[in-house]
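A.B. asks: Pasting a structure here, questions to come.
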Amino acid sequence: GNSVTQMEGPVTLSEEAFLTINCTYTATGYPSLFWYVQYPGEGLQLLLKATKADDKGSNKGFEATYRKETTSFHLEKGSVQVSDSAVYFCALPLSGTYKYIFGTGTRLKVLA
Amino acid sequence: GAGVSQSPSNKVTEKGKDVELRCDPISGHTALYWYRQSLGQGLEFLIYFQGNSAPDKSGLPSDRFSAERTGGSVSTLTIQRTQQEDSAVYLCASSYKQGSSGEQYFGPGTRLTVT
């Protein structure tokens, strides 16, 4: 069945550093892939998504490319800010269902 | 417009007591999900409602957990005879589109602490 594996955190970076959070998946077919972000004290919110292979999702300076060859959807940002400190979740739907599988989350802490 | 709201935001209860957690989805969203987020863990699917269809309860961890959705809108998650392992953040999400293309909109969660 579908599954998602996300790099463990926490990740601590200095402001303006480059960020990569790895996410790999196993899936039947080519489901949409999502990154959600959870800021402190808040619920999750969609950060970006890609609906088919080779698509690049982007938002707020973050990008992720749907790579079927490596079954990956790594999240990247060229220059992180303190305000990016949050927990990031990779997610995909179970094939043929309305259920979603979320990764365990990666906590990012950005220091000024 | 208003987002998904949940109440209470925090709940502390004694072991063995019953608790009710409430979720108000975004108006017009037909799909509603409950998840549990334990410390250091990902999101655990609990239950799913879609329109007037029978809910998918396959994620409920025990028969102490139940949920209902009245009038296709507000949902209540009930935990009976709470145990310490029930301590977690309970998240509700709604979606207007069923299937793999639908974005989920999450509420801020209810943090449950069982003492």
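Chain labels A, B, ... are given in the sequence in which chains occur in the structure tokens; within each chain residues are numbered consecutively from 1, and ligands are likewise numbered from 1 in the order shown.
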With a distance cut-off of 9 Å and only C-alpha atoms, select the neighbouring residues of Gly61 (chain A), excluding the residue or stretch itself and same-chain residues fewer than 5 positions from it, and output the selection as a count of residues only.
C.D. replies: 5
A.B. asks: May I ask you to extract the residues of chain B within 12 Å of chain A, using only C-alpha atoms, and to give them as a ChimeraX atom specification?
C.D. replies: /B:3-6,9-10,31-50,55-59,89-111
A.B. asks: Please produce an output containing C-alpha atoms for each residue in the selection, written as a compact mmCIF listing (two decimals), in the first residue's frame.
C.D. replies:
```txt
# COMPACT_ATOMS: atom_id res chain seq x y z
CA GLY B 3 -11.91 28.41 8.91
CA VAL B 4 -12.32 25.14 10.74
CA SER B 5 -12.86 25.71 14.43
CA GLN B 6 -12.47 23.27 17.28
CA SER B 9 -8.64 24.25 22.67
CA ASN B 10 -7.37 22.47 25.77
CA ALA B 31 -15.89 15.83 3.87
CA LEU B 32 -14.74 15.87 7.48
CA TYR B 33 -11.79 14.05 9.03
CA TRP B 34 -10.59 13.45 12.57
CA TYR B 35 -6.91 12.76 13.27
CA ARG B 36 -4.87 12.20 16.38
CA GLN B 37 -1.40 13.66 16.76
CA SER B 38 0.64 12.21 19.60
CA LEU B 39 3.87 13.80 20.79
CA GLY B 40 6.59 13.18 18.25
CA GLN B 41 4.30 11.20 15.98
CA GLY B 42 2.65 11.88 12.67
CA LEU B 43 -1.06 12.16 12.13
CA GLU B 44 -3.13 9.09 12.85
CA PHE B 45 -6.37 8.86 10.88
CA LEU B 46 -9.38 8.21 13.11
CA ILE B 47 -12.62 8.66 11.17
CA TYR B 48 -13.99 10.18 7.97
CA PHE B 49 -17.42 11.57 7.08
CA GLN B 50 -18.54 12.31 3.53
CA PRO B 55 -18.67 7.17 8.06
CA ASP B 56 -15.41 5.28 7.73
CA LYS B 57 -14.56 4.38 11.31
CA SER B 58 -11.65 2.13 10.47
CA GLY B 59 -9.09 4.31 12.26
CA VAL B 89 -3.80 16.66 20.08
CA TYR B 90 -6.99 15.84 18.19
CA LEU B 91 -7.20 17.55 14.83
CA CYS B 92 -10.24 18.02 12.65
CA ALA B 93 -10.05 18.79 8.93
CA SER B 94 -12.63 19.43 6.26
CA SER B 95 -12.52 19.33 2.50
CA TYR B 96 -14.91 20.34 -0.27
CA LYS B 97 -13.54 17.85 -2.70
CA GLN B 98 -13.37 14.13 -2.25
CA GLY B 99 -10.41 12.25 -3.54
CA SER B 100 -6.75 12.76 -4.07
CA SER B 101 -6.95 16.33 -5.36
CA GLY B 102 -8.76 17.75 -2.39
CA GLU B 103 -6.90 20.02 -0.03
CA GLN B 104 -7.72 19.53 3.62
CA TYR B 105 -8.32 22.53 5.85
CA PHE B 106 -7.32 21.88 9.43
CA GLY B 107 -8.57 23.32 12.68
CA PRO B 108 -6.16 24.37 15.45
CA GLY B 109 -6.78 21.16 17.36
CA THR B 110 -7.83 20.19 20.87
CA ARG B 111 -5.03 19.26 23.22
```
A.B. asks: Could you give me, as an MDAnalysis selection string, the residues within 12 Å of Asp86 (chain B), counting only C-alpha atoms and dropping anything in the same chain fewer than 6 positions from it?
C.D. replies: chainID B and resid 11:19 36:39 60:62 64:65 78:80 111:115
A.B. asks: Which residues, written as a list in words, have at least one atom at most 8 Å from Cys23 (chain A), with only C-alpha atoms counted and residues fewer than 5 positions away on the same chain left out?
C.D. replies: Val4, Thr5, Gln6, Met7, Ser72, Phe73, His74, Leu75 and Cys90 of chain A
A.B. asks: Run DSSP on the backbone and tell me which residues of chain B come out as helix (DSSP H, G or I); list them as JSON, numbers by chain.
C.D. replies: {"B": [70, 71, 72, 84, 85, 86]}
A.B. asks: Could you tell me how far CA of Pro8 (chain B) sits from CA of Gln83 (chain B), in Å to one decimal place?
C.D. replies: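 Here the two named atoms are 18.5 Å from each other.
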A.B. asks: Which distance in Å separates CA of Ile21 (chain A) and CA of Ala88 (chain B), to one decimal?
C.D. replies: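 So the two atoms, CA of Ile21 (chain A) and CA of Ala88 (chain B), lie 25.0 Å apart.
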A.B. asks: Could you state the separation of CA of Tyr88 (chain A) and CA of Asn22 (chain A) in Å, given to one decimal place?
C.D. replies: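 CA of Asn22 (chain A) lies 10.5 Å from CA of Tyr88 (chain A).
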